[in-house]
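K.L.:
Questions regarding the structure given below will be posed in turn.
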Amino acid sequence: MGESRAEQLGRTASHWDRQSGGALLESWWHLPRCVQHLNEMLTGSRHRDFCDLLKERFATEPLSAAVSFGSGGCEYEERLVSSGVVRQMECWELSPERCRQARQRLASRLGDRIKVINDDFLSAAYPPAALDMVYVHGALHHIRELELVLDRVRQLLKPQGLFVVDDFFGPTGMQWTEEQLLACNRLLAVLPDHLKALVRTPDKTKSVVSRPSLQTMWGSDPSECVRSSEIHGLIAERFSVVLDRPLGGAVFHPLLSGVAGNFVGSEVGELALEFILTI
């Protein structure tokens with residue numbers, strides 16, 4: 001027999017508890033230049049982010065009732081509130097440790113405007129058509145019951161409410177396409193060895209970009225990219241899509257995994273990163 005949903009949620013929460021310490025620069029999202037690149041793709045400027053776009057297009061006045069789920073440490077939700085996109089937020093997160101860290105960090109600044117809830121979003125008791133915004137950053141690709149969650153979001157939003165999604169829409173299980181693997185491995189082959197050293201084990205180098213083992217990945221976190229390739233279509237079936245901006249990542253996501261920190265602080269690394277982002 002397979003795991004129950006409660007068992008899967010518990011294992012996922014434990015996995016993200018373990019990921020809550022000080023982060024090594026292992027992934028692209030740890031690199032300021034990659035964040036600037038996403039800003040450029042989204043807004044046309046490396047200095048304007050998703051909050052600037054939302055305020056310009058959809059929230060000229062602060063929205064009142066906003067919720068997020070899979071909120072992690074609530075860094076993005078903090079930005080939404082502090083920038084004036086929303087007045088206050090309720091953030092749902094499964095990991096107790098990430099909730100604790102978020103509450104501790106926000107207590108002295110926005111603790112009265114951001115409520116962190118350690119629970120499953122589907123247990124929320126909001127009435128229908130109660131919310132101005134539901135915001136999700138990197139959470140939908142961890143959800144197996146996509147139809148159930150998306151239908152719930154649609155039910156909770158006001159008729160003109162916003163569902164804002166910033167997520168991974170790539171291959172389910174990170175089973176990279178042949179085209180991705182070819183591009184990544186051609187780039188990897190021409191990088192100098194010091195840029196290919198694994199950040200966690202510097203005496204070893206990244207020699208190939210390959211598809212991860214599903215057994216290993218889902219054994220650690222059963223939610224990782226569980227149905228990621230289906231998200232885009234399922235959203236389009238349920239919502240009127242008013243803005244859809246692909247942000248890239250087909251190359252730099254798998255290529256930089258495990259080695260991203262090497263590209264910071266050296267002229268060669270920074271030039272190589274610019275080349276990778278251009279590709």
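Within each chain, counting starts at residue 1; across the structure tokens, chains are named A, B, ... in the order shown, with ligands numbered 1 upward in that order.
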Excluding region 253-263 of chain A and any residue of its chain fewer than 4 positions from it, enumerate the residues within 10 Å of it, using only C-alpha atoms, and give them as a PyMOL selection string.
P.N.:
chain A and resi 24-31+33-34+174+176+180-181+183-185+187-188+194-202+205-206+208-211+248-249+267-274+276
K.L.:
Which parts of region 137-275 of chain A does DSSP call alpha helix (DSSP H) when run on the backbone here, written out as number ranges by chain?
P.N.:
A: 146-156, 178-190, 214-220, 231-238, 252-256, 267-275
K.L.:
What does the distance from CA of Arg105 (chain A) to CA of Arg87 (chain A) come to in Å, to one decimal?
P.N.:
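One can read the CA of Arg105 (chain A) to CA of Arg87 (chain A) distance as 18.3 Å.
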K.L.:
Taking the backbone alone, and naming residues the way the document does, which bits of region 39-138 of chain A are strand (DSSP E or B) by DSSP, as a list in words?
P.N.:
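Output for region 39-138 of chain A, strand (DSSP E or B) only: Leu63, Ala66, Val67, Ser68, Phe69, Val86, Met89, Glu90, Cys91, Trp92, Ile114, Lys115, Val116, Ile117, Leu131, Asp132, Met133, Val134, Tyr135, Val136 and His137 of chain A.
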K.L.:
Using CA of Leu182 (chain A) and CA of Ile143 (chain A) as the two end points, give the distance in Å to one decimal.
P.N.:
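These atoms are spaced 29.0 Å apart.
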K.L.:
Residues within 9 Å of Asp52 (chain A), please, as a PyMOL selection string. Count only C-alpha atoms; anything in the same chain fewer than 5 positions from it doesn't count.
P.N.:
chain A and resi 43+57+83+85
K.L.:
For the selection just defined, write its residues with N, CA, C and O atoms to a file, as a tab-separated table (two decimals), in the first residue's frame.
P.N.:
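See result_16.tsv below for the written result:
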chain	number	residue	atom	x	y	z
A	43	THR	N	10.29	42.23	-15.69
A	43	THR	CA	9.91	43.65	-15.71
A	43	THR	C	10.68	44.47	-16.74
A	43	THR	O	10.34	45.63	-16.96
A	57	ARG	N	0.50	47.10	-12.35
A	57	ARG	CA	-0.54	46.52	-13.19
A	57	ARG	C	-1.83	46.17	-12.45
A	57	ARG	O	-2.92	46.27	-13.02
A	83	SER	N	6.36	46.35	0.60
A	83	SER	CA	6.32	47.20	-0.60
A	83	SER	C	4.96	47.84	-0.83
A	83	SER	O	4.81	48.69	-1.70
A	85	VAL	N	2.07	46.14	-1.69
A	85	VAL	CA	1.16	45.42	-2.58
A	85	VAL	C	-0.07	44.95	-1.79
A	85	VAL	O	-1.20	45.04	-2.27
K.L.:
With only C-alpha atoms as the atoms that count, which of A:Val165, A:Leu234, A:Cys91, A:Val134 lies nearest to Glu75 (chain A)?
P.N.:
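Smallest distance to Glu75 (chain A) is found for A:Cys91.
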K.L.:
Could you tell me which of A:Phe239, A:Gly138, A:His47, A:Cys225 comes closest to Gln160 (chain A) if we count only C-alpha atoms?
P.N.:
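Nearest to Gln160 (chain A): A:Phe239.
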